[in-house]
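> Next comes work_37.pdb, PDB, C-alpha atoms and all ligand atoms:
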MODEL        1
ATOM      1  CA  MET X   1      19.592 144.307 294.010  1.00  0.00           C
ATOM      2  CA  LYS X   2      20.253 146.767 296.814  1.00  0.00           C
ATOM      3  CA  LEU X   3      22.131 149.772 295.522  1.00  0.00           C
ATOM      4  CA  ILE X   4      22.940 153.354 296.338  1.00  0.00           C
ATOM      5  CA  LEU X   5      23.046 155.521 293.209  1.00  0.00           C
ATOM      6  CA  LEU X   6      25.358 158.490 293.665  1.00  0.00           C
ATOM      7  CA  GLY X   7      26.057 161.283 291.204  1.00  0.00           C
ATOM      8  CA  ALA X   8      25.393 164.993 290.726  1.00  0.00           C
ATOM      9  CA  PRO X   9      21.889 166.265 289.956  1.00  0.00           C
ATOM     10  CA  GLY X  10      21.334 165.463 286.274  1.00  0.00           C
ATOM     11  CA  ALA X  11      23.770 162.531 286.222  1.00  0.00           C
ATOM     12  CA  GLY X  12      20.885 160.229 285.289  1.00  0.00           C
ATOM     13  CA  LYS X  13      20.261 158.477 288.634  1.00  0.00           C
ATOM     14  CA  GLY X  14      16.483 158.509 288.134  1.00  0.00           C
ATOM     15  CA  THR X  15      16.650 157.208 284.568  1.00  0.00           C
ATOM     16  CA  VAL X  16      19.125 154.465 285.496  1.00  0.00           C
ATOM     17  CA  ALA X  17      17.052 153.509 288.567  1.00  0.00           C
ATOM     18  CA  LYS X  18      13.890 153.176 286.455  1.00  0.00           C
ATOM     19  CA  MET X  19      15.759 150.957 283.962  1.00  0.00           C
ATOM     20  CA  LEU X  20      17.169 148.785 286.773  1.00  0.00           C
ATOM     21  CA  THR X  21      13.736 148.226 288.374  1.00  0.00           C
ATOM     22  CA  ALA X  22      12.701 146.464 285.164  1.00  0.00           C
ATOM     23  CA  ILE X  23      15.502 143.901 285.579  1.00  0.00           C
ATOM     24  CA  ASP X  24      14.566 142.283 288.888  1.00  0.00           C
ATOM     25  CA  GLY X  25      11.590 144.085 290.382  1.00  0.00           C
ATOM     26  CA  SER X  26      13.666 146.164 292.822  1.00  0.00           C
ATOM     27  CA  VAL X  27      11.947 149.439 293.717  1.00  0.00           C
ATOM     28  CA  GLN X  28      13.266 152.941 293.042  1.00  0.00           C
ATOM     29  CA  ILE X  29      13.323 155.065 296.175  1.00  0.00           C
ATOM     30  CA  SER X  30      13.833 158.693 295.229  1.00  0.00           C
ATOM     31  CA  THR X  31      13.803 161.086 298.174  1.00  0.00           C
ATOM     32  CA  GLY X  32      13.349 163.956 295.682  1.00  0.00           C
ATOM     33  CA  ASP X  33      10.180 162.309 294.258  1.00  0.00           C
ATOM     34  CA  ILE X  34       8.851 161.613 297.767  1.00  0.00           C
ATOM     35  CA  LEU X  35       9.466 165.227 298.812  1.00  0.00           C
ATOM     36  CA  ARG X  36       7.905 166.697 295.652  1.00  0.00           C
ATOM     37  CA  GLY X  37       4.868 164.462 296.259  1.00  0.00           C
ATOM     38  CA  ALA X  38       4.627 165.769 299.833  1.00  0.00           C
ATOM     39  CA  VAL X  39       4.903 169.409 298.675  1.00  0.00           C
ATOM     40  CA  GLN X  40       2.130 168.857 296.124  1.00  0.00           C
ATOM     41  CA  ALA X  41      -0.077 167.129 298.672  1.00  0.00           C
ATOM     42  CA  GLY X  42       0.527 169.973 301.156  1.00  0.00           C
ATOM     43  CA  THR X  43       1.492 167.625 304.012  1.00  0.00           C
ATOM     44  CA  GLU X  44       3.466 168.775 307.075  1.00  0.00           C
ATOM     45  CA  LEU X  45       6.593 167.217 305.552  1.00  0.00           C
ATOM     46  CA  GLY X  46       5.968 169.072 302.290  1.00  0.00           C
ATOM     47  CA  LYS X  47       5.494 172.386 304.099  1.00  0.00           C
ATOM     48  CA  GLU X  48       8.760 171.926 305.987  1.00  0.00           C
ATOM     49  CA  ALA X  49      10.709 170.880 302.894  1.00  0.00           C
ATOM     50  CA  GLU X  50       9.380 173.309 300.283  1.00  0.00           C
ATOM     51  CA  ALA X  51      11.532 176.388 300.912  1.00  0.00           C
ATOM     52  CA  TYR X  52      14.775 174.385 301.051  1.00  0.00           C
ATOM     53  CA  MET X  53      13.908 172.650 297.790  1.00  0.00           C
ATOM     54  CA  LYS X  54      13.012 175.844 295.914  1.00  0.00           C
ATOM     55  CA  ARG X  55      16.411 177.337 296.797  1.00  0.00           C
ATOM     56  CA  GLY X  56      18.247 174.163 295.809  1.00  0.00           C
ATOM     57  CA  ASP X  57      19.330 173.576 299.424  1.00  0.00           C
ATOM     58  CA  LEU X  58      19.268 170.201 301.123  1.00  0.00           C
ATOM     59  CA  VAL X  59      16.344 169.376 303.386  1.00  0.00           C
ATOM     60  CA  PRO X  60      17.484 168.713 307.008  1.00  0.00           C
ATOM     61  CA  ASP X  61      18.918 165.232 307.624  1.00  0.00           C
ATOM     62  CA  SER X  62      16.383 164.506 310.387  1.00  0.00           C
ATOM     63  CA  LEU X  63      13.429 164.866 307.966  1.00  0.00           C
ATOM     64  CA  ILE X  64      15.100 162.652 305.388  1.00  0.00           C
ATOM     65  CA  MET X  65      15.993 159.943 307.896  1.00  0.00           C
ATOM     66  CA  GLY X  66      12.377 159.923 309.135  1.00  0.00           C
ATOM     67  CA  ILE X  67      11.200 159.260 305.558  1.00  0.00           C
ATOM     68  CA  MET X  68      13.799 156.564 304.910  1.00  0.00           C
ATOM     69  CA  GLU X  69      13.348 154.703 308.147  1.00  0.00           C
ATOM     70  CA  LYS X  70       9.674 154.133 307.263  1.00  0.00           C
ATOM     71  CA  ARG X  71      10.211 153.564 303.537  1.00  0.00           C
ATOM     72  CA  LEU X  72      12.877 150.868 303.882  1.00  0.00           C
ATOM     73  CA  GLN X  73      10.540 148.812 306.063  1.00  0.00           C
ATOM     74  CA  GLU X  74       7.744 148.687 303.496  1.00  0.00           C
ATOM     75  CA  PRO X  75       7.238 145.185 302.071  1.00  0.00           C
ATOM     76  CA  ASP X  76       8.086 146.127 298.454  1.00  0.00           C
ATOM     77  CA  CYS X  77      11.711 146.719 299.535  1.00  0.00           C
ATOM     78  CA  GLU X  78      12.195 143.019 300.210  1.00  0.00           C
ATOM     79  CA  LYS X  79      12.887 142.326 296.518  1.00  0.00           C
ATOM     80  CA  GLY X  80      15.553 145.022 296.486  1.00  0.00           C
ATOM     81  CA  PHE X  81      15.806 148.815 296.173  1.00  0.00           C
ATOM     82  CA  LEU X  82      17.685 151.532 294.342  1.00  0.00           C
ATOM     83  CA  LEU X  83      18.395 154.552 296.492  1.00  0.00           C
ATOM     84  CA  ASP X  84      18.188 157.552 294.178  1.00  0.00           C
ATOM     85  CA  GLY X  85      19.256 160.860 295.732  1.00  0.00           C
ATOM     86  CA  PHE X  86      19.886 159.413 299.186  1.00  0.00           C
ATOM     87  CA  PRO X  87      22.171 159.597 301.102  1.00  0.00           C
ATOM     88  CA  ARG X  88      23.258 163.151 300.260  1.00  0.00           C
ATOM     89  CA  THR X  89      25.441 163.982 303.290  1.00  0.00           C
ATOM     90  CA  ILE X  90      27.942 162.139 305.497  1.00  0.00           C
ATOM     91  CA  PRO X  91      25.528 162.224 308.498  1.00  0.00           C
ATOM     92  CA  GLN X  92      22.843 160.618 306.286  1.00  0.00           C
ATOM     93  CA  ALA X  93      25.329 157.932 305.192  1.00  0.00           C
ATOM     94  CA  GLU X  94      26.267 157.238 308.822  1.00  0.00           C
ATOM     95  CA  ALA X  95      22.598 157.082 309.832  1.00  0.00           C
ATOM     96  CA  LEU X  96      21.815 154.795 306.871  1.00  0.00           C
ATOM     97  CA  LYS X  97      24.616 152.458 307.906  1.00  0.00           C
ATOM     98  CA  LYS X  98      23.094 152.150 311.397  1.00  0.00           C
ATOM     99  CA  LEU X  99      19.567 151.757 310.023  1.00  0.00           C
ATOM    100  CA  LEU X 100      20.587 148.979 307.612  1.00  0.00           C
ATOM    101  CA  HIS X 101      22.412 147.213 310.428  1.00  0.00           C
ATOM    102  CA  LYS X 102      19.282 147.448 312.594  1.00  0.00           C
ATOM    103  CA  LEU X 103      17.079 146.112 309.770  1.00  0.00           C
ATOM    104  CA  ASN X 104      19.638 143.422 308.925  1.00  0.00           C
ATOM    105  CA  ILE X 105      19.947 144.572 305.303  1.00  0.00           C
ATOM    106  CA  LYS X 106      23.167 144.288 303.313  1.00  0.00           C
ATOM    107  CA  LEU X 107      23.847 146.587 300.350  1.00  0.00           C
ATOM    108  CA  ASP X 108      25.417 145.236 297.147  1.00  0.00           C
ATOM    109  CA  MET X 109      27.255 148.440 296.267  1.00  0.00           C
ATOM    110  CA  ALA X 110      27.284 152.187 295.887  1.00  0.00           C
ATOM    111  CA  VAL X 111      27.559 153.332 292.269  1.00  0.00           C
ATOM    112  CA  ASP X 112      28.789 156.777 291.302  1.00  0.00           C
ATOM    113  CA  ILE X 113      27.453 157.909 287.926  1.00  0.00           C
ATOM    114  CA  ASP X 114      30.156 160.228 286.732  1.00  0.00           C
ATOM    115  CA  VAL X 115      29.129 162.817 284.111  1.00  0.00           C
ATOM    116  CA  PRO X 116      31.095 165.906 282.915  1.00  0.00           C
ATOM    117  CA  ARG X 117      29.796 169.231 284.286  1.00  0.00           C
ATOM    118  CA  ASP X 118      28.946 170.721 280.865  1.00  0.00           C
ATOM    119  CA  VAL X 119      26.747 167.702 280.035  1.00  0.00           C
ATOM    120  CA  ILE X 120      25.020 168.019 283.433  1.00  0.00           C
ATOM    121  CA  LEU X 121      24.298 171.731 282.967  1.00  0.00           C
ATOM    122  CA  ASP X 122      22.896 171.189 279.501  1.00  0.00           C
ATOM    123  CA  ARG X 123      20.732 168.266 280.686  1.00  0.00           C
ATOM    124  CA  LEU X 124      19.298 170.105 283.684  1.00  0.00           C
ATOM    125  CA  CYS X 125      18.400 173.235 281.718  1.00  0.00           C
ATOM    126  CA  THR X 126      16.566 171.163 279.099  1.00  0.00           C
ATOM    127  CA  ARG X 127      15.006 168.589 281.464  1.00  0.00           C
ATOM    128  CA  ARG X 128      11.241 168.541 281.946  1.00  0.00           C
ATOM    129  CA  THR X 129       9.303 166.480 284.494  1.00  0.00           C
ATOM    130  CA  CYS X 130       5.745 165.180 284.660  1.00  0.00           C
ATOM    131  CA  ASN X 131       3.890 167.193 287.287  1.00  0.00           C
ATOM    132  CA  ASN X 132       1.860 164.188 288.510  1.00  0.00           C
ATOM    133  CA  SER X 133       3.532 163.139 291.770  1.00  0.00           C
ATOM    134  CA  ASP X 134       2.679 159.473 291.134  1.00  0.00           C
ATOM    135  CA  CYS X 135       4.382 159.557 287.724  1.00  0.00           C
ATOM    136  CA  GLN X 136       7.237 162.123 287.610  1.00  0.00           C
ATOM    137  CA  ALA X 137       8.368 160.796 284.213  1.00  0.00           C
ATOM    138  CA  ILE X 138      11.451 162.596 282.929  1.00  0.00           C
ATOM    139  CA  TYR X 139      11.714 164.217 279.478  1.00  0.00           C
ATOM    140  CA  ASN X 140      14.226 166.398 277.689  1.00  0.00           C
ATOM    141  CA  VAL X 141      13.193 169.120 275.257  1.00  0.00           C
ATOM    142  CA  LYS X 142      16.112 168.280 272.961  1.00  0.00           C
ATOM    143  CA  SER X 143      16.709 164.544 273.212  1.00  0.00           C
ATOM    144  CA  ASN X 144      13.451 163.059 274.531  1.00  0.00           C
ATOM    145  CA  PRO X 145      10.460 165.412 274.208  1.00  0.00           C
ATOM    146  CA  PRO X 146       6.938 164.177 275.003  1.00  0.00           C
ATOM    147  CA  LYS X 147       4.964 163.203 271.867  1.00  0.00           C
ATOM    148  CA  GLN X 148       2.540 166.073 272.470  1.00  0.00           C
ATOM    149  CA  GLU X 149       4.291 169.228 273.697  1.00  0.00           C
ATOM    150  CA  GLY X 150       3.813 169.796 277.433  1.00  0.00           C
ATOM    151  CA  ILE X 151       1.783 166.579 277.999  1.00  0.00           C
ATOM    152  CA  CYS X 152       3.115 163.419 279.627  1.00  0.00           C
ATOM    153  CA  ASP X 153       3.071 160.387 277.275  1.00  0.00           C
ATOM    154  CA  LYS X 154       2.459 158.055 280.218  1.00  0.00           C
ATOM    155  CA  CYS X 155      -0.315 159.732 282.214  1.00  0.00           C
ATOM    156  CA  GLY X 156      -1.476 162.823 280.281  1.00  0.00           C
ATOM    157  CA  SER X 157      -0.540 165.286 283.055  1.00  0.00           C
ATOM    158  CA  PRO X 158       1.315 168.562 282.348  1.00  0.00           C
ATOM    159  CA  VAL X 159       5.063 168.281 281.786  1.00  0.00           C
ATOM    160  CA  ILE X 160       6.827 171.173 283.497  1.00  0.00           C
ATOM    161  CA  GLN X 161      10.226 172.675 284.253  1.00  0.00           C
ATOM    162  CA  ARG X 162      10.872 172.056 287.956  1.00  0.00           C
ATOM    163  CA  GLU X 163      11.065 175.151 290.159  1.00  0.00           C
ATOM    164  CA  ASP X 164      14.586 174.137 291.215  1.00  0.00           C
ATOM    165  CA  GLU X 165      15.700 173.890 287.589  1.00  0.00           C
ATOM    166  CA  THR X 166      16.195 177.562 286.942  1.00  0.00           C
ATOM    167  CA  GLU X 167      19.826 178.483 286.150  1.00  0.00           C
ATOM    168  CA  GLU X 168      20.332 179.975 289.614  1.00  0.00           C
ATOM    169  CA  ALA X 169      18.938 176.991 291.536  1.00  0.00           C
ATOM    170  CA  ILE X 170      20.821 174.539 289.318  1.00  0.00           C
ATOM    171  CA  SER X 171      24.173 176.160 289.994  1.00  0.00           C
ATOM    172  CA  HIS X 172      23.373 176.215 293.731  1.00  0.00           C
ATOM    173  CA  ARG X 173      22.422 172.503 293.655  1.00  0.00           C
ATOM    174  CA  LEU X 174      25.720 171.677 291.945  1.00  0.00           C
ATOM    175  CA  GLU X 175      27.686 173.645 294.567  1.00  0.00           C
ATOM    176  CA  THR X 176      25.763 171.834 297.313  1.00  0.00           C
ATOM    177  CA  TYR X 177      26.559 168.530 295.622  1.00  0.00           C
ATOM    178  CA  ASN X 178      30.295 169.280 295.535  1.00  0.00           C
ATOM    179  CA  GLU X 179      30.374 170.438 299.126  1.00  0.00           C
ATOM    180  CA  LYS X 180      28.040 167.965 300.861  1.00  0.00           C
ATOM    181  CA  THR X 181      27.497 164.911 298.650  1.00  0.00           C
ATOM    182  CA  ALA X 182      30.775 164.359 296.763  1.00  0.00           C
ATOM    183  CA  PRO X 183      32.552 163.372 300.049  1.00  0.00           C
ATOM    184  CA  LEU X 184      30.339 160.250 300.083  1.00  0.00           C
ATOM    185  CA  LEU X 185      32.527 158.764 297.358  1.00  0.00           C
ATOM    186  CA  GLY X 186      35.391 158.606 299.852  1.00  0.00           C
ATOM    187  CA  PHE X 187      33.029 157.286 302.541  1.00  0.00           C
ATOM    188  CA  TYR X 188      31.889 154.322 300.417  1.00  0.00           C
ATOM    189  CA  GLU X 189      35.410 153.805 299.064  1.00  0.00           C
ATOM    190  CA  LYS X 190      36.457 153.205 302.678  1.00  0.00           C
ATOM    191  CA  GLU X 191      33.452 150.938 303.253  1.00  0.00           C
ATOM    192  CA  GLY X 192      34.831 148.887 300.343  1.00  0.00           C
ATOM    193  CA  PHE X 193      31.849 148.798 298.016  1.00  0.00           C
ATOM    194  CA  MET X 194      32.204 151.811 295.749  1.00  0.00           C
ATOM    195  CA  LYS X 195      32.008 151.509 291.961  1.00  0.00           C
ATOM    196  CA  SER X 196      32.389 154.436 289.569  1.00  0.00           C
ATOM    197  CA  VAL X 197      30.799 154.336 286.107  1.00  0.00           C
ATOM    198  CA  SER X 198      31.058 156.916 283.339  1.00  0.00           C
ATOM    199  CA  GLY X 199      27.506 158.062 282.807  1.00  0.00           C
ATOM    200  CA  THR X 200      27.004 159.821 279.492  1.00  0.00           C
ATOM    201  CA  SER X 201      24.843 156.888 278.303  1.00  0.00           C
ATOM    202  CA  SER X 202      22.286 155.417 280.729  1.00  0.00           C
ATOM    203  CA  ASP X 203      22.257 152.143 278.741  1.00  0.00           C
ATOM    204  CA  ALA X 204      26.006 151.778 279.327  1.00  0.00           C
ATOM    205  CA  VAL X 205      25.614 152.528 283.056  1.00  0.00           C
ATOM    206  CA  VAL X 206      22.875 149.889 283.398  1.00  0.00           C
ATOM    207  CA  GLU X 207      25.007 147.377 281.513  1.00  0.00           C
ATOM    208  CA  ALA X 208      28.038 148.055 283.735  1.00  0.00           C
ATOM    209  CA  ILE X 209      25.960 147.641 286.907  1.00  0.00           C
ATOM    210  CA  SER X 210      24.280 144.442 285.662  1.00  0.00           C
ATOM    211  CA  SER X 211      27.589 142.899 284.733  1.00  0.00           C
ATOM    212  CA  GLU X 212      29.159 143.875 288.075  1.00  0.00           C
ATOM    213  CA  LEU X 213      26.255 142.146 289.852  1.00  0.00           C
ATOM    214  CA  GLY X 214      26.400 139.152 287.498  1.00  0.00           C
ATOM    215  CA  LEU X 215      22.826 139.694 286.214  1.00  0.00           C
TER     216      LEU X 215
HETATM  217  P1  LIG X 301      16.391 165.487 293.509  1.00  0.00           P
HETATM  218  O1  LIG X 301      15.125 165.204 292.793  1.00  0.00           O
HETATM  219  O2  LIG X 301      17.060 164.238 294.012  1.00  0.00           O
HETATM  220  O3  LIG X 301      17.323 166.367 292.721  1.00  0.00           O
HETATM  221  O4  LIG X 301      15.992 166.290 294.838  1.00  0.00           O
HETATM  222  C1  LIG X 301      15.337 167.545 294.751  1.00  0.00           C
HETATM  223  C2  LIG X 301      15.522 168.301 296.050  1.00  0.00           C
HETATM  224  O5  LIG X 301      14.958 167.551 297.146  1.00  0.00           O
HETATM  225  C3  LIG X 301      16.977 168.533 296.470  1.00  0.00           C
HETATM  226  O6  LIG X 301      17.536 169.668 295.847  1.00  0.00           O
HETATM  227  C4  LIG X 301      16.811 168.716 297.983  1.00  0.00           C
HETATM  228  O7  LIG X 301      16.269 169.981 298.294  1.00  0.00           O
HETATM  229  C5  LIG X 301      15.755 167.682 298.310  1.00  0.00           C
HETATM  230  N1  LIG X 301      16.350 166.349 298.626  1.00  0.00           N
HETATM  231  C6  LIG X 301      16.192 165.193 297.926  1.00  0.00           C
HETATM  232  N2  LIG X 301      16.857 164.194 298.514  1.00  0.00           N
HETATM  233  C7  LIG X 301      17.461 164.715 299.600  1.00  0.00           C
HETATM  234  C8  LIG X 301      18.326 164.174 300.611  1.00  0.00           C
HETATM  235  N3  LIG X 301      18.699 162.890 300.613  1.00  0.00           N
HETATM  236  N4  LIG X 301      18.763 165.028 301.582  1.00  0.00           N
HETATM  237  C9  LIG X 301      18.389 166.316 301.617  1.00  0.00           C
HETATM  238  N5  LIG X 301      17.599 166.882 300.695  1.00  0.00           N
HETATM  239  C10 LIG X 301      17.132 166.098 299.680  1.00  0.00           C
ENDMDL
END
Can you dump the structure from the file as structure tokens?
Ligand code: AMP

Amino acid sequence: MKLILLGAPGAGKGTVAKMLTAIDGSVQISTGDILRGAVQAGTELGKEAEAYMKRGDLVPDSLIMGIMEKRLQEPDCEKGFLLDGFPRTIPQAEALKKLLHKLNIKLDMAVDIDVPRDVILDRLCTRRTCNNSDCQAIYNVKSNPPKQEGICDKCGSPVIQREDETEEAISHRLETYNEKTAPLLGFYEKEGFMKSVSGTSSDAVVEAISSELGL
């Protein structure tokens, strides 16, 4: 499958993407994960992106498009991909449209995972993430804690609260989402392949997407 997963931070895009990869071997492409990996590795990209990310601001479109242009041409994308956290702005969506045209790739649909704001706020404040950039497993202190406190079940690395998941950064990320990313719903509506799914349960979202795609 070739999907764009839209939705506010904390809507469950990452969790849904991971569940969908298990269905047909499509790969999850999370620009947030790629950027956090670059920050940890101290690459040029990471150095450029770090300050924006800490504040909860978007990284410039040109950096993101550079990442995506390379990533979409890697061989593992041939089976399909789930775009998680990209595009985030109208210029990114326009640039993606051109890039997909150039690469002769057709998307199945854009899915908006729609979750009430109070659920999002609660989820983000209680979310914890594995600090290993190759893992980045997601936990929740209330609903899905790691078996051993602070240690990732999958790889044994520390499980941390992300720097952009303080109350201040979270509320800034949600404002940024409303201002810059929410207009993409109208963009993909016009493109004719937008589907909105209520997202309080990731299982239900995955089921709705699978049935829409006839899987
Ligand atoms: P995420 O893990 O998707 O919540 O992304 C974490 C942070 O990475 C965001 O708050 C942005 O600073 C940055 N980021 C991730 N994806 C993008 C994107 N498509 N465009 C701009 N910035 C992004």
> Find the residues around X:Cys130 up to 12 Å (only C-alpha atoms counted), leave out those fewer than 6 positions away in its own chain, and share them as a VMD selection string.
chain X and resid 33 36 to 37 136 to 140 145 to 146 149 to 162
> Hey, which residues come within 10 Å of ligand LIG 301 (chain X) if we count all atoms listed in the file? Could you give them as JSON, numbers by chain?
{"X": [7, 8, 9, 10, 11, 13, 14, 30, 31, 32, 33, 34, 35, 36, 49, 50, 51, 52, 53, 54, 55, 56, 57, 58, 59, 60, 61, 62, 63, 64, 65, 67, 68, 83, 84, 85, 86, 87, 88, 89, 92, 93, 124, 136, 162, 163, 164, 165, 169, 170, 172, 173, 174, 176, 177, 180, 181]}
> Determine the nearest neighbour of X:Val27 from the options X:Cys77, X:Leu184, X:Ile4, X:Ala41, counting all atoms listed in the file.
X:Cys77
> Would you mind reading off the distance between atom CA of X:Val197 and atom CA of X:Pro116, one decimal, in Å?
12.0 Å
> To one decimal in Å, tell me the separation between atom CA of X:Leu45 and atom CA of X:Thr166.
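So the answer is 23.4 Å.
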> Please complete stretch 188-203 of chain X so it has N, CA, C and O atoms, and hand it over as a PDB file, keeping the file's coordinate frame.

ATOM      1  N   TYR X 188      32.197 155.686 300.878  1.00  0.00           N
ATOM      2  CA  TYR X 188      31.889 154.322 300.417  1.00  0.00           C
ATOM      3  C   TYR X 188      33.120 153.601 299.886  1.00  0.00           C
ATOM      4  O   TYR X 188      33.172 152.368 299.888  1.00  0.00           O
ATOM      5  N   GLU X 189      34.107 154.378 299.430  1.00  0.00           N
ATOM      6  CA  GLU X 189      35.410 153.805 299.064  1.00  0.00           C
ATOM      7  C   GLU X 189      35.972 153.072 300.291  1.00  0.00           C
ATOM      8  O   GLU X 189      36.382 151.919 300.216  1.00  0.00           O
ATOM      9  N   LYS X 190      35.940 153.773 301.431  1.00  0.00           N
ATOM     10  CA  LYS X 190      36.457 153.205 302.678  1.00  0.00           C
ATOM     11  C   LYS X 190      35.643 151.998 303.117  1.00  0.00           C
ATOM     12  O   LYS X 190      36.167 151.047 303.686  1.00  0.00           O
ATOM     13  N   GLU X 191      34.324 152.061 302.873  1.00  0.00           N
ATOM     14  CA  GLU X 191      33.452 150.938 303.253  1.00  0.00           C
ATOM     15  C   GLU X 191      33.739 149.721 302.373  1.00  0.00           C
ATOM     16  O   GLU X 191      33.292 148.614 302.675  1.00  0.00           O
ATOM     17  N   GLY X 192      34.404 149.992 301.208  1.00  0.00           N
ATOM     18  CA  GLY X 192      34.831 148.887 300.343  1.00  0.00           C
ATOM     19  C   GLY X 192      33.789 148.425 299.341  1.00  0.00           C
ATOM     20  O   GLY X 192      33.913 147.349 298.786  1.00  0.00           O
ATOM     21  N   PHE X 193      32.765 149.240 299.079  1.00  0.00           N
ATOM     22  CA  PHE X 193      31.849 148.798 298.016  1.00  0.00           C
ATOM     23  C   PHE X 193      31.431 149.906 297.058  1.00  0.00           C
ATOM     24  O   PHE X 193      30.297 150.003 296.629  1.00  0.00           O
ATOM     25  N   MET X 194      32.450 150.693 296.667  1.00  0.00           N
ATOM     26  CA  MET X 194      32.204 151.811 295.749  1.00  0.00           C
ATOM     27  C   MET X 194      32.567 151.402 294.324  1.00  0.00           C
ATOM     28  O   MET X 194      33.607 150.800 294.094  1.00  0.00           O
ATOM     29  N   LYS X 195      31.691 151.768 293.370  1.00  0.00           N
ATOM     30  CA  LYS X 195      32.008 151.509 291.961  1.00  0.00           C
ATOM     31  C   LYS X 195      31.687 152.773 291.183  1.00  0.00           C
ATOM     32  O   LYS X 195      30.611 153.349 291.342  1.00  0.00           O
ATOM     33  N   SER X 196      32.638 153.229 290.349  1.00  0.00           N
ATOM     34  CA  SER X 196      32.389 154.436 289.569  1.00  0.00           C
ATOM     35  C   SER X 196      32.157 154.056 288.106  1.00  0.00           C
ATOM     36  O   SER X 196      32.875 153.226 287.559  1.00  0.00           O
ATOM     37  N   VAL X 197      31.128 154.656 287.498  1.00  0.00           N
ATOM     38  CA  VAL X 197      30.799 154.336 286.107  1.00  0.00           C
ATOM     39  C   VAL X 197      30.648 155.638 285.347  1.00  0.00           C
ATOM     40  O   VAL X 197      29.990 156.567 285.838  1.00  0.00           O
ATOM     41  N   SER X 198      31.221 155.707 284.137  1.00  0.00           N
ATOM     42  CA  SER X 198      31.058 156.916 283.339  1.00  0.00           C
ATOM     43  C   SER X 198      29.631 156.940 282.802  1.00  0.00           C
ATOM     44  O   SER X 198      29.147 155.935 282.285  1.00  0.00           O
ATOM     45  N   GLY X 199      28.954 158.099 282.964  1.00  0.00           N
ATOM     46  CA  GLY X 199      27.506 158.062 282.807  1.00  0.00           C
ATOM     47  C   GLY X 199      26.908 158.804 281.638  1.00  0.00           C
ATOM     48  O   GLY X 199      25.737 159.165 281.707  1.00  0.00           O
ATOM     49  N   THR X 200      27.646 159.041 280.553  1.00  0.00           N
ATOM     50  CA  THR X 200      27.004 159.821 279.492  1.00  0.00           C
ATOM     51  C   THR X 200      25.902 159.015 278.788  1.00  0.00           C
ATOM     52  O   THR X 200      24.982 159.591 278.238  1.00  0.00           O
ATOM     53  N   SER X 201      25.968 157.675 278.841  1.00  0.00           N
ATOM     54  CA  SER X 201      24.843 156.888 278.303  1.00  0.00           C
ATOM     55  C   SER X 201      24.241 156.032 279.412  1.00  0.00           C
ATOM     56  O   SER X 201      24.938 155.226 280.040  1.00  0.00           O
ATOM     57  N   SER X 202      22.943 156.190 279.665  1.00  0.00           N
ATOM     58  CA  SER X 202      22.286 155.417 280.729  1.00  0.00           C
ATOM     59  C   SER X 202      22.310 153.924 280.421  1.00  0.00           C
ATOM     60  O   SER X 202      22.445 153.100 281.328  1.00  0.00           O
ATOM     61  N   ASP X 203      22.205 153.568 279.119  1.00  0.00           N
ATOM     62  CA  ASP X 203      22.257 152.143 278.741  1.00  0.00           C
ATOM     63  C   ASP X 203      23.580 151.540 279.191  1.00  0.00           C
ATOM     64  O   ASP X 203      23.623 150.432 279.739  1.00  0.00           O
TER      65      ASP X 203
END
